[in-house]
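Student: Before I ask anything, here is the structure I am working with.
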Amino acid sequence: MSVVSYVIAGSEATGGAGIQADLRTFAQLGTYGVGTITCIVSFDPKAGWGHRFVPIDPAVIADQIEVATAAHEPDVVKIGMLGTPATIATVAEALASRRWRHVIVDPVLICKGQEPGAGLDTDNALRSQILPLATVVTPNLFEAATLAGMDELTSVDDLAEAARRIHDLGPGVVVVKGGVGLPGDDAVDVAFDGTDVTVLRAPKVGDERVSGAGCVFAAATTAELTKGADVLDAIRTAKQFTHDGIVGRLASRAPFDAVWHGAR
């Protein structure tokens, strides 16, 4: 069994999310991280920290995937932000060209640095080309509502219904993350494997979202699956790992904190 956790995702310049958070998580959980960069997301600190989004040329993405898979032959991969239909087509073709033990998809949808029309095309391409390849998909409330065709998710029952609908799109296990978005004292996630609904709870740590939590959750699931864990066990470990990182969050001059576990 490979010790390599592979990620195909965007770079986030503050280090709090994206491939930086993924590779950090892999190392913290004891796997060897290898990454392919799909786009570069930065912010403009002179203009309210608005998003800046720059896609990587699809041919360069294909080159990165070619060498990463040739050198290490990974069999577990996390898919993070892809950003454009052209990137999605490139990644989907690469995924379909080899056998994977697990494909974990964190379905990042519209980036604030994209035009709405381009974002919708990206959403549709992700739904049709990437989700059917996923062993595990980990949408947040907004992503889950969008993928499930629901107006909003306000209860645990809504999370379960969204998970069922997304499961119909092809992934093996759907984890809908309630985070701080649902009422109550707990951050609630719901996992659906096509048969059973599993509800996961952890105490909320404040009411503000923390940068990188979704990335870390999917990356931790990826690392645990790399090591041979059962899917639900991997998800449970990822839930606790992410909670611990929110507790230890790192503040900066950016207007958001980032998941951080401190020195381990």
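So you can find residues: chains in the structure tokens are A, B, ... in the order shown, residues in each start at 1, and ligands are numbered from 1 in order.
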What's the 7 Å shell around Leu133 in chain A, counting only C-alpha atoms, without same-chain residues fewer than 2 positions away, as an MDAnalysis selection string?

Tutor: chainID A and resid 103 130:131 135 171

Student: List every residue of range 8-151 of chain A that DSSP, applied to the backbone, labels as helix (DSSP H, G or I), and write the result as number ranges by chain.

Tutor: A: 18-28, 58-72, 85-96, 116-133, 141-148

Student: May I have the residues within 8 Å of Met1 in chain A as a PDB file with C-alpha atoms, in the first residue's frame, using only C-alpha atoms and disregarding those fewer than 6 positions away in the same chain?

Tutor:
ATOM      1  CA  THR A 226      -4.010   6.303   2.200  1.00  0.00           C
ATOM      2  CA  LYS A 227      -3.050   4.482   5.405  1.00  0.00           C
ATOM      3  CA  GLY A 228      -5.803   1.912   4.847  1.00  0.00           C
TER       4      GLY A 228
END

Student: So which residues touch Leu225 in chain A within 7 Å, counting only C-alpha atoms, skipping near sequence neighbours fewer than 5 positions away, as a list in words?

Tutor: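 Here the answer would be Asp230, Val231 and Ala234 of chain A.
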
Student: Take the residues from that selection and write them out as a short mmCIF file (atom, residue, chain, number, x, y, z; two decimals), in the first residue's frame, keeping N, CA and C atoms.

Tutor:
data_model
loop_
_atom_site.label_atom_id
_atom_site.label_comp_id
_atom_site.auth_asym_id
_atom_site.auth_seq_id
_atom_site.Cartn_x
_atom_site.Cartn_y
_atom_site.Cartn_z
N ASP A 230 -10.86 2.34 7.04
CA ASP A 230 -12.21 2.25 6.50
C ASP A 230 -12.73 3.68 6.25
N VAL A 231 -13.64 3.82 5.27
CA VAL A 231 -14.08 5.15 4.87
C VAL A 231 -14.71 5.90 6.04
N ALA A 234 -12.15 6.90 8.56
CA ALA A 234 -11.35 8.03 8.05
C ALA A 234 -12.10 9.34 8.23
#

Student: Show which residues sit within 7 Å of range 207-223 of chain A, as a ChimeraX atom specification. Count only C-alpha atoms, and ignore same-chain residues fewer than 6 positions away.

Tutor: /A:5,16-18,21-22,25-26,29,31,76-78,104,106,138,180,234-235,238-239,242,246,256-259

Student: Store the residues of this selection in a file with C-alpha atoms, as an mmCIF file, in the first residue's frame.

Tutor:
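Saved to result04.cif:
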data_model
loop_
_atom_site.group_PDB
_atom_site.id
_atom_site.type_symbol
_atom_site.label_atom_id
_atom_site.label_comp_id
_atom_site.auth_asym_id
_atom_site.auth_seq_id
_atom_site.Cartn_x
_atom_site.Cartn_y
_atom_site.Cartn_z
ATOM 1 C CA SER A 5 -1.278 11.079 -0.504
ATOM 2 C CA GLY A 16 -4.485 28.815 5.213
ATOM 3 C CA ALA A 17 -6.316 26.770 2.602
ATOM 4 C CA GLY A 18 -5.774 25.021 -0.710
ATOM 5 C CA ALA A 21 -3.244 23.195 3.916
ATOM 6 C CA ASP A 22 -3.536 19.820 2.168
ATOM 7 C CA THR A 25 -2.319 17.891 6.780
ATOM 8 C CA PHE A 26 -0.774 14.949 4.971
ATOM 9 C CA LEU A 29 -1.063 12.569 9.658
ATOM 10 C CA THR A 31 1.723 10.388 4.747
ATOM 11 C CA VAL A 76 -5.438 7.783 -3.308
ATOM 12 C CA VAL A 77 -6.054 11.330 -4.546
ATOM 13 C CA LYS A 78 -7.839 14.380 -3.232
ATOM 14 C CA ILE A 104 -11.810 12.245 -2.479
ATOM 15 C CA ASP A 106 -13.867 18.598 -2.047
ATOM 16 C CA THR A 138 -17.330 16.527 1.064
ATOM 17 C CA VAL A 180 -21.338 26.530 12.103
ATOM 18 C CA ALA A 234 -11.350 8.025 8.053
ATOM 19 C CA ILE A 235 -14.211 10.535 8.090
ATOM 20 C CA ALA A 238 -10.934 13.844 9.877
ATOM 21 C CA LYS A 239 -13.815 15.381 11.826
ATOM 22 C CA THR A 242 -10.409 19.438 11.862
ATOM 23 C CA ILE A 246 -10.173 25.018 14.647
ATOM 24 C CA PHE A 256 -9.923 35.299 8.769
ATOM 25 C CA ASP A 257 -8.248 32.768 11.022
ATOM 26 C CA ALA A 258 -6.775 29.519 9.663
ATOM 27 C CA VAL A 259 -6.879 25.939 10.901
#

Student: From the DSSP assignment of the backbone, select every residue of range 28-207 of chain A that is strand (DSSP E or B), and format the answer as a ChimeraX atom specification.

Tutor: /A:32-44,50-55,76-79,102-105,136-137,140,173-177,186-192,197-203

Student: Keeping only C-alpha atoms, write those residues as a PDB file, in the first residue's frame.

Tutor:
ATOM      1  CA  TYR A  32       3.995  11.729   1.997  1.00  0.00           C
ATOM      2  CA  GLY A  33       2.260  14.617   0.259  1.00  0.00           C
ATOM      3  CA  VAL A  34       2.520  15.201  -3.485  1.00  0.00           C
ATOM      4  CA  GLY A  35       0.620  18.050  -5.126  1.00  0.00           C
ATOM      5  CA  THR A  36      -0.440  19.332  -8.537  1.00  0.00           C
ATOM      6  CA  ILE A  37      -1.443  23.005  -8.719  1.00  0.00           C
ATOM      7  CA  THR A  38      -4.547  23.878 -10.768  1.00  0.00           C
ATOM      8  CA  CYS A  39      -4.877  27.597 -10.090  1.00  0.00           C
ATOM      9  CA  ILE A  40      -3.517  30.385  -7.923  1.00  0.00           C
ATOM     10  CA  VAL A  41      -5.836  32.193  -5.531  1.00  0.00           C
ATOM     11  CA  SER A  42      -4.518  35.280  -3.786  1.00  0.00           C
ATOM     12  CA  PHE A  43      -6.149  38.299  -2.193  1.00  0.00           C
ATOM     13  CA  ASP A  44      -5.814  42.056  -2.499  1.00  0.00           C
ATOM     14  CA  GLY A  50     -10.952  40.579  -2.418  1.00  0.00           C
ATOM     15  CA  HIS A  51     -10.130  37.370  -4.282  1.00  0.00           C
ATOM     16  CA  ARG A  52      -7.737  37.198  -7.217  1.00  0.00           C
ATOM     17  CA  PHE A  53      -7.980  34.028  -9.319  1.00  0.00           C
ATOM     18  CA  VAL A  54      -5.459  32.864 -11.937  1.00  0.00           C
ATOM     19  CA  PRO A  55      -5.924  29.472 -13.657  1.00  0.00           C
ATOM     20  CA  VAL A  76      -5.438   7.783  -3.308  1.00  0.00           C
ATOM     21  CA  VAL A  77      -6.054  11.330  -4.546  1.00  0.00           C
ATOM     22  CA  LYS A  78      -7.839  14.380  -3.232  1.00  0.00           C
ATOM     23  CA  ILE A  79      -9.399  16.784  -5.722  1.00  0.00           C
ATOM     24  CA  HIS A 102      -9.939   6.214  -3.475  1.00  0.00           C
ATOM     25  CA  VAL A 103     -10.806   9.581  -5.023  1.00  0.00           C
ATOM     26  CA  ILE A 104     -11.810  12.245  -2.479  1.00  0.00           C
ATOM     27  CA  VAL A 105     -13.521  15.315  -3.921  1.00  0.00           C
ATOM     28  CA  VAL A 136     -15.983  10.370  -1.038  1.00  0.00           C
ATOM     29  CA  VAL A 137     -17.311  13.878  -1.688  1.00  0.00           C
ATOM     30  CA  ASN A 140     -20.250  22.360   2.667  1.00  0.00           C
ATOM     31  CA  VAL A 173     -20.055   8.319   0.147  1.00  0.00           C
ATOM     32  CA  VAL A 174     -21.351  11.871   0.579  1.00  0.00           C
ATOM     33  CA  VAL A 175     -20.411  13.945   3.636  1.00  0.00           C
ATOM     34  CA  VAL A 176     -22.476  17.131   3.930  1.00  0.00           C
ATOM     35  CA  LYS A 177     -20.769  19.483   6.384  1.00  0.00           C
ATOM     36  CA  ASP A 186     -22.708  21.367  17.718  1.00  0.00           C
ATOM     37  CA  ALA A 187     -21.083  21.427  14.294  1.00  0.00           C
ATOM     38  CA  VAL A 188     -22.992  18.620  12.594  1.00  0.00           C
ATOM     39  CA  ASP A 189     -21.974  16.641   9.520  1.00  0.00           C
ATOM     40  CA  VAL A 190     -23.983  13.895   7.837  1.00  0.00           C
ATOM     41  CA  ALA A 191     -22.466  10.986   5.898  1.00  0.00           C
ATOM     42  CA  PHE A 192     -24.516   8.824   3.513  1.00  0.00           C
ATOM     43  CA  VAL A 197     -27.022   7.903   7.320  1.00  0.00           C
ATOM     44  CA  THR A 198     -24.339   8.623   9.939  1.00  0.00           C
ATOM     45  CA  VAL A 199     -24.502  11.838  11.963  1.00  0.00           C
ATOM     46  CA  LEU A 200     -21.190  13.257  13.252  1.00  0.00           C
ATOM     47  CA  ARG A 201     -21.073  15.941  15.939  1.00  0.00           C
ATOM     48  CA  ALA A 202     -18.426  18.106  17.585  1.00  0.00           C
ATOM     49  CA  PRO A 203     -18.868  21.193  19.755  1.00  0.00           C
TER      50      PRO A 203
END

Student: Under the rule that only C-alpha atoms are counted, which of A:Ala9, A:Val4, A:Ala70, A:Ala254 is the nearest residue to Ala27 in chain A?

Tutor: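 Under the stated criterion, the closest residue is A:Val4.
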
Student: Might you pull out every residue within 9 Å of Leu169 in chain A, with only C-alpha atoms counted and same-chain residues fewer than 2 positions away left off, and present them as a VMD selection string?

Tutor: chain A and resid 127 to 128 131 to 132 147 165 to 167 171

Student: I'd like the interatomic distance between CA of Thr146 in chain A and CA of Arg24 in chain A, to a tenth of an Å.

Tutor: 29.0 Å

Student: Considering only C-alpha atoms, state which residue in the set A:Val67, A:Val205, A:Ala134, A:Met150 is at the smallest distance from Trp100 in chain A.

Tutor: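 Looking at the shortest contact to Trp100 in chain A, the residue is A:Ala134.
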